[in-house]
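What follows is a single structure, written as structure tokens, with notes after it.
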Amino acid sequence: MSASSIPSFTGDASPYGGGEPYADYRTADFPFTHLADLADRRLGAGVVAANDEFFAERENLLKPEPAEFDPEHFGHKGKIMDGWETRRRRGVSAEQPHPTDEDHDWALVRLGAPGVVRGIVVDTAHFRGNYPQAVSIEGTSVAGSPSPEELLAGDVKWTTLVPRTAVGGHAANGFAVDVEQRFTHLRVNQHPDGGIARLRVYGEVAPDPRWLAALGTFDLVALENGGQVEDASDRFYSPATNTVQPGRSRKMDDGWETRRRRDKGNDWIRYRLAGRGEIRAVEIDTAYLKGNSAGWAALSVRDGAEGAEWREILPRTRLQPDTNHRFVLDAPAVATHVRIDIYPDGGISRLRLFGSLTEQGAAGLTARHQELGG
């Protein structure tokens with residue numbers, strides 16, 4: 001699907017008339033939502049500043065769950081919304097009561113992991129007549145942990161990811177991004193004012209090779225280190241990307257669970273490692289998967305592009321429910337890709353592949369970092 005063919009929504013949604021508030025929600029399938037959300041709080045993302053959050057706090061933008069709506073929820077400032085909502089802008093005088101074309105509100109978002117942005121969803125769920133008329137989004141790459149003041153300094157270069165574009169109320173407004181650069185922060189602008197429920201920033205993590213070199217041994221498949229899910233047999237209950245999220249799973253849907261198989265096949269996930277590396281130890285965690293964990297699992301590796309031979313490094317092994325399983329490999333396994341097969345179905349919560357980059361892998365990661373402007 002090209003950027004021009006992505007469905008777009010404009011205009012108001014109908015006023016809430018009771019019943020299921022998502023019944024008339026406008027959404028579509030976007031071609032980038034299988035990628036990691038770089039603005040995921042689990043990765044460490046945050047909304048570090050906003051010029052206005054009079055009606056609803058900026059932090060709501062990055063909540064992982066869909067926005068909720070309670071028609072009876074009011075506070076001393078007015079209707080309480082599950083999103084980021086600013087006050088209504090006004091002009092400078094009775095003769096000029098309307099905001100200018102340049103007037104807008106903004107929020108600064110620190111990505112949880114720096115990366116290349118492939119698509120953005122600006123979700124205006126439940127903002128039916130109080131959404132922004134248009135949005136625009138810019139990105140920048142600033143090393144370290146800059147303050148809001150440092151990000152807003154005049155010498156910081158911002159690159160347009162989404163030009164000023166009209167959006168619709170109570171809708172998932174999706175934008176494909178075609179900018180081959182590494183970004184650490186975004187500036188979300190709403191013109192002239194209004195509310196946004198959620199922000200999702202889909203893309204590919206681009207880690208700092210100097211950090212990984214300093215670590216030496218690390219998790220080669222972790223999302224925050226540049227690992228990536230390339231494909232999976234089933235994403236029915238939860239995304240396969242959950243298996244490479246930071247930390248331990250804290251509830252059942254924080255892992256990967258497949259539907260029940262009624263054939264003689266099996267389910268699987270294929271990963272691309274942060275770079276060509278040597279795997280020396282493995283963790284397969286089934287935390288919170290009790291009556292639905294995978295029965296057995298096997299691991300295979302591939303060294304090189306598609307077409308290279310797969311080699312099994314962990315034979316089919318019995319898994320226990322709600323348990324973290326640890327395996328030390330007899331010899332380091334050199335790989336660029338890994339596949340986990342589970343039998344026959346079920347799920348795992350996390351996969352960890354501990355090792356280090358090869359000389360070739362480190363060189364490739366450094367070259368890619370430089371290509372992206374790092």
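Following the order of the structure tokens, chains are lettered A, B, ..., residues in each are numbered from 1, and ligands are numbered from 1.
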
Write down as number ranges by chain the residues belonging to stretch 265-304 of chain A that are assigned strand (DSSP E) by DSSP computed on the backbone. A: 267-285, 296-302

Can you tell me, as a ChimeraX atom specification, what residues are no more than 12 Å from A:Ala240 when counting only C-alpha atoms, ignoring any on the same chain fewer than 2 positions away? /A:34-36,223,228-238,242-245,253-258,267-271,340,347-351

Can those selected residues be exported to a file as a PDB file, in the first residue's frame so that it contains C-alpha atoms?
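Contents of result.pdb, freshly written:
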ATOM      1  CA  HIS A  34       3.283  -4.766  12.312  1.00  0.00           C
ATOM      2  CA  LEU A  35       6.466  -2.849  13.156  1.00  0.00           C
ATOM      3  CA  ALA A  36       7.536  -1.892  16.665  1.00  0.00           C
ATOM      4  CA  LEU A 223      13.860  -4.712  20.471  1.00  0.00           C
ATOM      5  CA  GLN A 228      13.217  -7.213  14.978  1.00  0.00           C
ATOM      6  CA  VAL A 229      10.365  -9.612  14.303  1.00  0.00           C
ATOM      7  CA  GLU A 230      10.319 -10.254  10.556  1.00  0.00           C
ATOM      8  CA  ASP A 231       7.345 -12.605  10.385  1.00  0.00           C
ATOM      9  CA  ALA A 232       5.156 -14.881  12.464  1.00  0.00           C
ATOM     10  CA  SER A 233       2.688 -17.650  11.741  1.00  0.00           C
ATOM     11  CA  ASP A 234      -0.044 -16.200  13.958  1.00  0.00           C
ATOM     12  CA  ARG A 235      -0.803 -12.862  15.623  1.00  0.00           C
ATOM     13  CA  PHE A 236      -4.358 -13.641  16.647  1.00  0.00           C
ATOM     14  CA  TYR A 237      -4.280 -12.688  20.336  1.00  0.00           C
ATOM     15  CA  SER A 238      -1.149 -10.568  20.633  1.00  0.00           C
ATOM     16  CA  ASN A 242       5.904  -8.599  22.562  1.00  0.00           C
ATOM     17  CA  THR A 243       8.466 -11.412  22.850  1.00  0.00           C
ATOM     18  CA  VAL A 244      11.381  -8.984  22.475  1.00  0.00           C
ATOM     19  CA  GLN A 245      10.047  -6.145  24.632  1.00  0.00           C
ATOM     20  CA  ASP A 253      -1.453 -10.447  26.931  1.00  0.00           C
ATOM     21  CA  ASP A 254       2.046  -8.995  27.398  1.00  0.00           C
ATOM     22  CA  GLY A 255       3.450 -12.030  25.565  1.00  0.00           C
ATOM     23  CA  TRP A 256       2.681 -13.844  22.302  1.00  0.00           C
ATOM     24  CA  GLU A 257      -0.287 -16.207  22.173  1.00  0.00           C
ATOM     25  CA  THR A 258      -1.673 -17.961  19.094  1.00  0.00           C
ATOM     26  CA  ASP A 267       3.456 -21.929  15.077  1.00  0.00           C
ATOM     27  CA  TRP A 268       6.654 -19.907  14.750  1.00  0.00           C
ATOM     28  CA  ILE A 269       8.319 -16.477  14.814  1.00  0.00           C
ATOM     29  CA  ARG A 270      11.265 -15.377  12.667  1.00  0.00           C
ATOM     30  CA  TYR A 271      13.594 -12.681  13.980  1.00  0.00           C
ATOM     31  CA  ILE A 340      11.585 -20.223  17.205  1.00  0.00           C
ATOM     32  CA  GLY A 347       2.626 -18.975  23.291  1.00  0.00           C
ATOM     33  CA  ILE A 348       5.736 -17.635  24.954  1.00  0.00           C
ATOM     34  CA  SER A 349       6.179 -14.328  26.743  1.00  0.00           C
ATOM     35  CA  ARG A 350       9.841 -13.518  26.038  1.00  0.00           C
ATOM     36  CA  LEU A 351      12.817 -14.768  24.034  1.00  0.00           C
TER      37      LEU A 351
END

Secondary structure check, helix (DSSP H, G or I) residues of stretch 271-364 of chain A, as a VMD selection string: chain A and resid 359 to 364

Tell me which protein, DNA and RNA residues are within 12 Å of A:Gly75, counting only C-alpha atoms, leaving out same-chain ones fewer than 6 positions away, and put them as a ChimeraX atom specification. /A:54-56,81

I need the chosen residues saved as a short mmCIF file (atom, residue, chain, number, x, y, z; two decimals), in the first residue's frame, with N, CA, C and O atoms.
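Dumped everything to again.cif:
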data_model
loop_
_atom_site.label_atom_id
_atom_site.label_comp_id
_atom_site.auth_asym_id
_atom_site.auth_seq_id
_atom_site.Cartn_x
_atom_site.Cartn_y
_atom_site.Cartn_z
N PHE A 54 -4.47 21.92 29.15
CA PHE A 54 -5.48 22.46 30.06
C PHE A 54 -6.56 21.43 30.39
O PHE A 54 -6.93 21.25 31.55
N PHE A 55 -7.09 20.74 29.37
CA PHE A 55 -8.20 19.82 29.59
C PHE A 55 -7.76 18.39 29.88
O PHE A 55 -8.46 17.67 30.59
N ALA A 56 -6.63 17.95 29.30
CA ALA A 56 -6.20 16.56 29.49
C ALA A 56 -4.69 16.47 29.31
O ALA A 56 -4.12 17.12 28.42
N MET A 81 -11.12 14.06 29.26
CA MET A 81 -10.90 13.18 28.11
C MET A 81 -9.64 12.35 28.32
O MET A 81 -8.68 12.79 28.94
#

Atom-to-atom span, atom CA of A:Arg89 and atom CA of A:Ile196, Å: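 Distance reported for this atom pair: 15.6 Å.
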
Do you have the atom CA of A:Gly373-atom CA of A:Arg182 distance handy?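 Separation between atom CA of A:Gly373 and atom CA of A:Arg182: 6.4 Å.
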
Quick one: everything within 6 Å of stretch 280-297 of chain A, counting only C-alpha atoms, minus sequence neighbours fewer than 2 positions away in the same chain. Send it as a PyMOL selection string. chain A and resi 251-252+316-319+321-329+332+341-343+345-355

Sorted by chain and rising residue number, list the residues of stretch 88-144 of chain A at most 10 Å from stretch 156-179 of chain A (counting only C-alpha atoms), each with its closest atom pair and distance in Å to one decimal, as a Markdown table.
| residue | atom | partner | partner_atom | distance |
| --- | --- | --- | --- | --- |
| A:Val116 | CA | A:Val179 | CA | 7.6 |
| A:Val117 | CA | A:Val177 | CA | 6.4 |
| A:Arg118 | CA | A:Val177 | CA | 4.8 |
| A:Gly119 | CA | A:Ala176 | CA | 4.3 |
| A:Ile120 | CA | A:Phe175 | CA | 5.2 |
| A:Val121 | CA | A:Gly174 | CA | 4.4 |
| A:Val122 | CA | A:Asn173 | CA | 5.1 |
| A:Asp123 | CA | A:Ala172 | CA | 4.5 |
| A:Thr124 | CA | A:His170 | CA | 4.8 |
| A:Ala125 | CA | A:His170 | CA | 4.1 |
| A:His126 | CA | A:His170 | CA | 5.0 |
| A:Phe127 | CA | A:His170 | CA | 5.3 |
| A:Arg128 | CA | A:Gly169 | CA | 4.6 |
| A:Gly129 | CA | A:Gly169 | CA | 6.4 |
| A:Asn130 | CA | A:Gly169 | CA | 7.5 |
| A:Tyr131 | CA | A:Gly169 | CA | 5.6 |
| A:Pro132 | CA | A:Val167 | CA | 7.2 |
| A:Gln133 | CA | A:Ala166 | CA | 5.7 |
| A:Ala134 | CA | A:Ala166 | CA | 4.0 |
| A:Val135 | CA | A:Arg164 | CA | 5.4 |
| A:Ser136 | CA | A:Arg164 | CA | 4.4 |
| A:Ile137 | CA | A:Val162 | CA | 4.9 |
| A:Glu138 | CA | A:Thr160 | CA | 4.4 |
| A:Gly139 | CA | A:Thr159 | CA | 5.2 |
| A:Thr140 | CA | A:Trp158 | CA | 5.0 |
| A:Ser141 | CA | A:Lys157 | CA | 8.2 |
| A:Val142 | CA | A:Val156 | CA | 8.0 |

Write out as an NGL selection string the residues lying within 12 Å of A:Arg368, counting only C-alpha atoms and excluding same-chain residues fewer than 3 positions away. :A and (115-116 or 180-182 or 205-209 or 226 or 274-275 or 361-365 or 371-374)

Minimum-distance residue to A:Leu152, chosen among A:Arg187, A:Arg248, A:His73, A:Arg87 (using only C-alpha atoms):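 For A:Leu152, the nearest of the given residues is A:Arg187.
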
Close residues, A:Trp106 itself excluded, 12 Å, only C-alpha atoms, min 5 positions apart in chain, as a PDB file with N, CA and C atoms, in the first residue's frame:
ATOM      1  N   VAL A  47       6.333  11.752  26.965  1.00  0.00           N
ATOM      2  CA  VAL A  47       5.981  13.078  26.454  1.00  0.00           C
ATOM      3  C   VAL A  47       6.623  14.072  27.412  1.00  0.00           C
ATOM      4  N   VAL A  48       7.723  14.682  26.991  1.00  0.00           N
ATOM      5  CA  VAL A  48       8.559  15.440  27.924  1.00  0.00           C
ATOM      6  C   VAL A  48       8.078  16.869  28.140  1.00  0.00           C
ATOM      7  N   ALA A  49       7.249  17.396  27.236  1.00  0.00           N
ATOM      8  CA  ALA A  49       6.762  18.770  27.396  1.00  0.00           C
ATOM      9  C   ALA A  49       5.605  19.008  26.446  1.00  0.00           C
ATOM     10  N   ALA A  50       4.792  19.994  26.777  1.00  0.00           N
ATOM     11  CA  ALA A  50       3.722  20.471  25.902  1.00  0.00           C
ATOM     12  C   ALA A  50       3.446  21.920  26.265  1.00  0.00           C
ATOM     13  N   ASN A  51       3.039  22.695  25.299  1.00  0.00           N
ATOM     14  CA  ASN A  51       2.791  24.114  25.582  1.00  0.00           C
ATOM     15  C   ASN A  51       1.474  24.322  26.306  1.00  0.00           C
ATOM     16  N   ASP A  52       0.555  23.334  26.220  1.00  0.00           N
ATOM     17  CA  ASP A  52      -0.757  23.482  26.837  1.00  0.00           C
ATOM     18  C   ASP A  52      -1.340  22.089  27.040  1.00  0.00           C
ATOM     19  N   GLU A  53      -1.884  21.835  28.211  1.00  0.00           N
ATOM     20  CA  GLU A  53      -2.600  20.582  28.494  1.00  0.00           C
ATOM     21  C   GLU A  53      -3.736  20.890  29.469  1.00  0.00           C
ATOM     22  N   ARG A  58      -0.778  15.536  28.726  1.00  0.00           N
ATOM     23  CA  ARG A  58      -0.002  15.090  27.573  1.00  0.00           C
ATOM     24  C   ARG A  58       0.404  13.623  27.686  1.00  0.00           C
ATOM     25  N   TRP A  84      -4.659  13.935  25.071  1.00  0.00           N
ATOM     26  CA  TRP A  84      -4.034  15.251  25.288  1.00  0.00           C
ATOM     27  C   TRP A  84      -4.943  16.292  24.665  1.00  0.00           C
ATOM     28  N   GLU A  85      -5.468  17.224  25.483  1.00  0.00           N
ATOM     29  CA  GLU A  85      -6.394  18.220  24.957  1.00  0.00           C
ATOM     30  C   GLU A  85      -6.033  19.602  25.483  1.00  0.00           C
ATOM     31  N   THR A  86      -5.945  20.546  24.566  1.00  0.00           N
ATOM     32  CA  THR A  86      -5.603  21.929  24.903  1.00  0.00           C
ATOM     33  C   THR A  86      -6.868  22.791  24.904  1.00  0.00           C
ATOM     34  N   PRO A 132      -8.035  18.415  16.498  1.00  0.00           N
ATOM     35  CA  PRO A 132      -7.386  19.478  15.731  1.00  0.00           C
ATOM     36  C   PRO A 132      -7.856  19.481  14.278  1.00  0.00           C
ATOM     37  N   VAL A 135      -2.789  18.307  11.665  1.00  0.00           N
ATOM     38  CA  VAL A 135      -1.610  17.982  12.466  1.00  0.00           C
ATOM     39  C   VAL A 135      -0.380  18.034  11.573  1.00  0.00           C
ATOM     40  N   SER A 136       0.762  18.231  12.199  1.00  0.00           N
ATOM     41  CA  SER A 136       2.046  18.076  11.528  1.00  0.00           C
ATOM     42  C   SER A 136       3.017  17.490  12.545  1.00  0.00           C
ATOM     43  N   ILE A 137       4.005  16.746  12.054  1.00  0.00           N
ATOM     44  CA  ILE A 137       4.947  16.078  12.950  1.00  0.00           C
ATOM     45  C   ILE A 137       6.353  16.218  12.401  1.00  0.00           C
ATOM     46  N   GLU A 138       7.278  16.576  13.288  1.00  0.00           N
ATOM     47  CA  GLU A 138       8.684  16.726  12.931  1.00  0.00           C
ATOM     48  C   GLU A 138       9.527  15.810  13.806  1.00  0.00           C
ATOM     49  N   PRO A 148      13.701  19.731  27.597  1.00  0.00           N
ATOM     50  CA  PRO A 148      12.817  20.404  26.641  1.00  0.00           C
ATOM     51  C   PRO A 148      13.408  21.707  26.117  1.00  0.00           C
ATOM     52  N   LEU A 152      14.199  22.684  22.157  1.00  0.00           N
ATOM     53  CA  LEU A 152      13.551  23.835  21.519  1.00  0.00           C
ATOM     54  C   LEU A 152      14.537  24.938  21.143  1.00  0.00           C
ATOM     55  N   LEU A 186      10.295  13.473  18.657  1.00  0.00           N
ATOM     56  CA  LEU A 186       9.313  14.024  17.726  1.00  0.00           C
ATOM     57  C   LEU A 186       8.669  15.257  18.336  1.00  0.00           C
ATOM     58  N   ARG A 187       8.246  16.158  17.460  1.00  0.00           N
ATOM     59  CA  ARG A 187       7.435  17.303  17.868  1.00  0.00           C
ATOM     60  C   ARG A 187       6.087  17.172  17.172  1.00  0.00           C
ATOM     61  N   VAL A 188       5.047  16.975  17.959  1.00  0.00           N
ATOM     62  CA  VAL A 188       3.695  16.785  17.432  1.00  0.00           C
ATOM     63  C   VAL A 188       2.967  18.116  17.531  1.00  0.00           C
ATOM     64  N   ASN A 189       2.505  18.620  16.405  1.00  0.00           N
ATOM     65  CA  ASN A 189       1.810  19.898  16.350  1.00  0.00           C
ATOM     66  C   ASN A 189       0.345  19.679  15.990  1.00  0.00           C
ATOM     67  N   GLN A 190      -0.548  20.346  16.724  1.00  0.00           N
ATOM     68  CA  GLN A 190      -1.949  20.342  16.323  1.00  0.00           C
ATOM     69  C   GLN A 190      -2.375  21.775  16.010  1.00  0.00           C
ATOM     70  N   HIS A 191      -3.017  21.936  14.869  1.00  0.00           N
ATOM     71  CA  HIS A 191      -3.363  23.248  14.328  1.00  0.00           C
ATOM     72  C   HIS A 191      -4.876  23.425  14.360  1.00  0.00           C
ATOM     73  N   PRO A 192      -5.427  24.453  14.963  1.00  0.00           N
ATOM     74  CA  PRO A 192      -4.730  25.369  15.864  1.00  0.00           C
ATOM     75  C   PRO A 192      -4.696  24.870  17.303  1.00  0.00           C
ATOM     76  N   ASP A 193      -5.608  23.922  17.649  1.00  0.00           N
ATOM     77  CA  ASP A 193      -5.752  23.446  19.021  1.00  0.00           C
ATOM     78  C   ASP A 193      -6.585  22.174  18.965  1.00  0.00           C
ATOM     79  N   GLY A 194      -6.946  21.633  20.125  1.00  0.00           N
ATOM     80  CA  GLY A 194      -7.833  20.485  20.145  1.00  0.00           C
ATOM     81  C   GLY A 194      -7.277  19.333  20.950  1.00  0.00           C
ATOM     82  N   GLY A 195      -7.685  18.121  20.569  1.00  0.00           N
ATOM     83  CA  GLY A 195      -7.296  16.952  21.339  1.00  0.00           C
ATOM     84  C   GLY A 195      -6.916  15.758  20.486  1.00  0.00           C
ATOM     85  N   ILE A 196      -5.918  15.028  20.957  1.00  0.00           N
ATOM     86  CA  ILE A 196      -5.457  13.786  20.341  1.00  0.00           C
ATOM     87  C   ILE A 196      -5.459  12.725  21.435  1.00  0.00           C
TER      88      ILE A 196
END

Minimum-distance residue to A:Asn225, chosen among A:Pro15, A:Arg261, A:Thr366, A:Pro114 (using only C-alpha atoms):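 Nearest to A:Asn225: A:Pro114.
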
Determine, counting only C-alpha atoms, which protein, DNA and RNA residues have an atom within 10 Å of an atom of A:Pro64; residues of the same chain fewer than 4 positions away are not included. Present the result as a ChimeraX atom specification. /A:37,39-42,60,198-200

Could you save those same residues with all heavy atoms as an mmCIF file, in the first residue's frame?
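This went into again.cif:
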data_model
loop_
_atom_site.group_PDB
_atom_site.id
_atom_site.type_symbol
_atom_site.label_atom_id
_atom_site.label_comp_id
_atom_site.auth_asym_id
_atom_site.auth_seq_id
_atom_site.Cartn_x
_atom_site.Cartn_y
_atom_site.Cartn_z
ATOM 1 N N ASP A 37 6.392 -0.184 17.947
ATOM 2 C CA ASP A 37 6.003 1.181 18.288
ATOM 3 C C ASP A 37 7.170 1.822 19.032
ATOM 4 O O ASP A 37 7.431 1.502 20.197
ATOM 5 C CB ASP A 37 4.746 1.166 19.154
ATOM 6 C CG ASP A 37 4.268 2.564 19.538
ATOM 7 O OD1 ASP A 37 4.868 3.555 19.059
ATOM 8 O OD2 ASP A 37 3.311 2.661 20.327
ATOM 9 N N ALA A 39 7.371 4.636 20.196
ATOM 10 C CA ALA A 39 6.889 5.496 21.278
ATOM 11 C C ALA A 39 6.219 4.682 22.379
ATOM 12 O O ALA A 39 5.396 5.209 23.135
ATOM 13 C CB ALA A 39 5.927 6.547 20.732
ATOM 14 N N ASP A 40 6.574 3.424 22.490
ATOM 15 C CA ASP A 40 6.024 2.546 23.521
ATOM 16 C C ASP A 40 6.636 2.893 24.875
ATOM 17 O O ASP A 40 7.861 2.997 25.004
ATOM 18 C CB ASP A 40 6.332 1.091 23.154
ATOM 19 C CG ASP A 40 5.520 0.088 23.966
ATOM 20 O OD1 ASP A 40 5.331 0.316 25.175
ATOM 21 O OD2 ASP A 40 5.103 -0.936 23.383
ATOM 22 N N ARG A 41 5.786 3.056 25.882
ATOM 23 C CA ARG A 41 6.279 3.364 27.223
ATOM 24 C C ARG A 41 7.194 2.262 27.756
ATOM 25 O O ARG A 41 8.093 2.517 28.554
ATOM 26 C CB ARG A 41 5.096 3.544 28.182
ATOM 27 C CG ARG A 41 4.348 4.854 28.041
ATOM 28 C CD ARG A 41 5.128 6.035 28.576
ATOM 29 N NE ARG A 41 5.476 5.871 29.991
ATOM 30 C CZ ARG A 41 6.262 6.708 30.655
ATOM 31 N NH1 ARG A 41 6.803 7.740 30.046
ATOM 32 N NH2 ARG A 41 6.519 6.510 31.926
ATOM 33 N N ARG A 42 6.966 1.023 27.330
ATOM 34 C CA ARG A 42 7.811 -0.078 27.799
ATOM 35 C C ARG A 42 9.251 0.078 27.342
ATOM 36 O O ARG A 42 10.172 -0.460 27.962
ATOM 37 C CB ARG A 42 7.239 -1.417 27.323
ATOM 38 C CG ARG A 42 5.953 -1.818 28.015
ATOM 39 C CD ARG A 42 5.375 -3.074 27.401
ATOM 40 N NE ARG A 42 4.917 -2.867 26.035
ATOM 41 C CZ ARG A 42 4.367 -3.808 25.273
ATOM 42 N NH1 ARG A 42 4.225 -5.032 25.743
ATOM 43 N NH2 ARG A 42 3.953 -3.528 24.048
ATOM 44 N N ASN A 60 -1.160 11.100 28.460
ATOM 45 C CA ASN A 60 -2.161 10.163 27.941
ATOM 46 C C ASN A 60 -1.856 9.711 26.520
ATOM 47 O O ASN A 60 -2.304 8.638 26.096
ATOM 48 C CB ASN A 60 -3.552 10.806 27.963
ATOM 49 C CG ASN A 60 -4.089 10.998 29.362
ATOM 50 O OD1 ASN A 60 -3.699 10.289 30.284
ATOM 51 N ND2 ASN A 60 -4.986 11.965 29.523
ATOM 52 N N ARG A 198 -4.306 9.256 21.224
ATOM 53 C CA ARG A 198 -3.127 8.410 21.276
ATOM 54 C C ARG A 198 -2.200 8.726 20.093
ATOM 55 O O ARG A 198 -2.651 9.144 19.015
ATOM 56 C CB ARG A 198 -3.504 6.927 21.204
ATOM 57 C CG ARG A 198 -4.346 6.418 22.366
ATOM 58 C CD ARG A 198 -3.548 6.342 23.653
ATOM 59 N NE ARG A 198 -4.308 5.688 24.712
ATOM 60 C CZ ARG A 198 -5.053 6.335 25.600
ATOM 61 N NH1 ARG A 198 -5.144 7.673 25.558
ATOM 62 N NH2 ARG A 198 -5.711 5.665 26.539
ATOM 63 N N LEU A 199 -0.898 8.462 20.322
ATOM 64 C CA LEU A 199 0.099 8.592 19.273
ATOM 65 C C LEU A 199 0.858 7.278 19.184
ATOM 66 O O LEU A 199 1.360 6.778 20.194
ATOM 67 C CB LEU A 199 1.077 9.729 19.581
ATOM 68 C CG LEU A 199 2.220 9.907 18.579
ATOM 69 C CD1 LEU A 199 1.699 10.556 17.294
ATOM 70 C CD2 LEU A 199 3.344 10.741 19.175
ATOM 71 N N ARG A 200 0.948 6.708 17.986
ATOM 72 C CA ARG A 200 1.732 5.499 17.749
ATOM 73 C C ARG A 200 2.763 5.796 16.663
ATOM 74 O O ARG A 200 2.421 6.353 15.610
ATOM 75 C CB ARG A 200 0.844 4.338 17.316
ATOM 76 C CG ARG A 200 -0.327 4.046 18.261
ATOM 77 C CD ARG A 200 0.122 3.587 19.621
ATOM 78 N NE ARG A 200 -0.982 3.176 20.470
ATOM 79 C CZ ARG A 200 -1.119 3.518 21.740
ATOM 80 N NH1 ARG A 200 -0.209 4.298 22.321
ATOM 81 N NH2 ARG A 200 -2.142 3.090 22.457
#

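For the atom pair formed by atom CA of A:Pro7 and atom CA of A:His185, the distance is 26.1 Å, given to one decimal.
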
For each of A:Ser356, A:Ala331, A:Val92, A:Pro71, take the minimum atom-to-atom distance to A:Gly19, counting only C-alpha atoms, then give the residue where this is smallest.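 Looking at the shortest contact to A:Gly19, the residue is A:Pro71.
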